[in-house]
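Novice: First the structure, then my questions, so here it is.
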Amino acid sequence: METGGSMSATAQIGVIGGTGLYQVEGVKVLTEIRPETPWGLPSDAITICDVGGVPVAFLPRHGRGHRILPTEVNSHANIAALKAAGVEQIIAFSAVGSLKEEIAPLDFVVPDQVIDRTRLRRQTYFGDGVVAHAGFADPFCPRLRQNLLAAIQGLGIKVHTAATLVCMEGPAFSTKAESHLYRSWGGSCINMSALPEAKLAREAEICYAMVCMSTDYDCWRDETEHVSAEMIFQNLGKNAVNAARVIRATARTLAAAARSCSCAIATHKAVITAPEARPAETARKLKYILPDLF
Ligand SMILES: [Zn+2]
């Protein structure tokens with residue numbers, strides 16, 4: 001990758017890379033930043049890349065070299081750092097297991113719903129004296145989803161929509177009983193990384209959608225070999241190539257798009273605590289992600 005360039009260290013478009021996606025191949029890196037947020041440091045340095053003339057902020061969720069367990073990811077710092085970099089829209093990539101026959105390995109899925117099966121993660125920026133309840137009925141930005149779906153279809157990648165993602169704690173994969181249970185709930189695919197990331201992006205008033213890249217059939221499908229790390233790794237490389245194509249195909253459109261969705265004001269009416277009752281230290285932290293509200 002080349003470095004240098006004249007664009008500033010901010011970007012309106014953010015990309016979070018999941019397992020197998022630690023950098024964007026074929027783009028020029030303009031600069032690296034590592035904002036220290038009130039919640040600590042992000043998973044790694046954020047690279048500001050030039051994607052067809054559009055600055056894009058890229059952050060690998062598990063760090064370069066893949067050092068951070070899903071449970072250990074500091075999503076609070078990751079989302080806050082992207083917000084500090086100027087990001088208003090996040091395309092989050094994730095490797096997933098398929099819970100449906102028709103979602104084959106190497107297919108893409110842009111889910112519209114998520115079921116939370118995490119247990120060990122703090123799900124909000126709020127608390128410590130300031131209460132807010134953000135709307136999460138539609139956990140992913142519908143406008144961003146439509147943009148991504150159109151781009152992925154245009155690239156000829158098989159993509160599934162109207163899908164329900166199950167987010168589990170991990171790090172071990174599901175038991176067969178759990179996998180069958182999630183199928184009975186209508187789950188389409190399963191990962192360990194959508195939450196609390198999507199909730200924190202909503203609270204920080206950033207548009208967020210997830211592009212799930214199928215690597216395997218989890219363990220419910222008796223006629224195939226059960227999920228193993230080895231099988232998954234073989235599909236990750238191919239998915240990373242397609243992920244880079246999606247980023248290149250969408251950056252310019254997204255940067256030019258008006259945010260006609262409601263994400264930019266998602267928290268404006270969600271804060272319940274009276275201004276005079278908000279502890280100063282908590283308000284100071286929240287101002288980092290919500291400068292208009294605190
Ligand atoms: Zn939005």
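As shown in the structure tokens, the chain order sets the letters A, B, ...; within each chain, residues go from 1, and ligands are also counted from 1 in the order they appear.
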A:Ser179: which residues within 12 Å, counting only C-alpha atoms, same-chain residues fewer than 4 positions away excluded, as a PyMOL selection string?
Specialist: chain A and resi 97-100+166-168+173-175+183-191+217-222+226-227
Novice: For ligand 1, return the neighbouring residues as number ranges by chain (distance at most 12 Å; only C-alpha atoms and all ligand atoms).
Specialist: A: 88-91, 138-147, 198, 201-209, 254, 257-266
Novice: Just want the 9 Å neighbourhood of A:His66, counted on only C-alpha atoms, with same-chain residues fewer than 5 positions away dropped. Output as a list in words.
Specialist: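 In the requested form, the answer reads Thr19, Gly20, Tyr22, Pro60 and Arg61 of chain A.
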Novice: For the selection you just gave me, I'd like the residues written to a file as a compact mmCIF listing (two decimals), in the first residue's frame, keeping C-alpha atoms.
Specialist:
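Wrote out_26.txt, looks like this:
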```
# COMPACT_ATOMS: atom_id res chain seq x y z
CA THR A 19 -12.38 -11.88 10.50
CA GLY A 20 -10.24 -12.11 7.35
CA TYR A 22 -7.66 -6.55 8.16
CA PRO A 60 -10.05 -3.93 11.79
CA ARG A 61 -12.41 -5.06 14.59
```
Novice: Using only C-alpha atoms, find the one residue out of A:Ala84, A:Leu69, A:Ala132, A:Ala11 that sits nearest to A:Gly53.
Specialist: A:Ala11
Novice: Determine the nearest neighbour of A:Ile68 from the options A:Gly156, A:Pro111, A:Gly86, A:Gly18, counting only C-alpha atoms.
Specialist: A:Gly18
Novice: Given only C-alpha atoms as the basis, pick out the residue of A:Ala81, A:Ile272, A:Met231, A:Leu120 nearest to A:Ile289.
Specialist: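 Between A:Ala81, A:Ile272, A:Met231, A:Leu120, the residue approaching A:Ile289 most closely is A:Ala81.
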Novice: Find, counting only C-alpha atoms, the residue in A:Ala243, A:Asp216, A:Ala57, A:Thr47 that gets nearest to A:Glu230.
Specialist: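 Nearest to A:Glu230: A:Asp216.
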Novice: What is the distance, in Å and to one decimal place, between atom CA of A:Ala77 and atom CA of A:Asp116?
Specialist: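 Computed distance, atom CA of A:Ala77 to atom CA of A:Asp116, equals 20.4 Å.
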Novice: From the set A:Val56, A:Ala95, A:Ile16, A:Ala80, which residue has the shortest atom-to-atom contact distance to A:Trp39, counting only C-alpha atoms?
Specialist: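 Closest residue, counting only C-alpha atoms: A:Ala80.
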Novice: Using DSSP on the backbone coordinates, identify all residues within stretch 41-268 of chain A classified as helix (DSSP H, G or I); present the result as a ChimeraX atom specification.
Specialist: /A:70-72,75-84,142-154,176-184,197-203,229-256,263-265
Novice: Restricting the calculation to only C-alpha atoms, which member of A:Gln23, A:Thr267, A:Thr71, A:Gln153 is positioned closest to A:Phe136?
Specialist: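 Of all the options, A:Thr267 lies closest to A:Phe136.
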Novice: Looking only at the backbone, which of the residues in stretch 32-227 of chain A does DSSP tag as strand (DSSP E), as a ChimeraX atom specification?
Specialist: /A:32-33,46-51,54-60,89-98,108-109,113-117,159-160,164-168,189-191,207-216
Novice: What's the separation between atom CA of A:Ser43 and atom CA of A:Leu165, in Å to one decimal place?
Specialist: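 Distance reported for this atom pair: 23.2 Å.
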Novice: What's the separation between atom CA of A:Glu25 and atom CA of A:Gly52, in Å to one decimal place?
Specialist: 12.9 Å
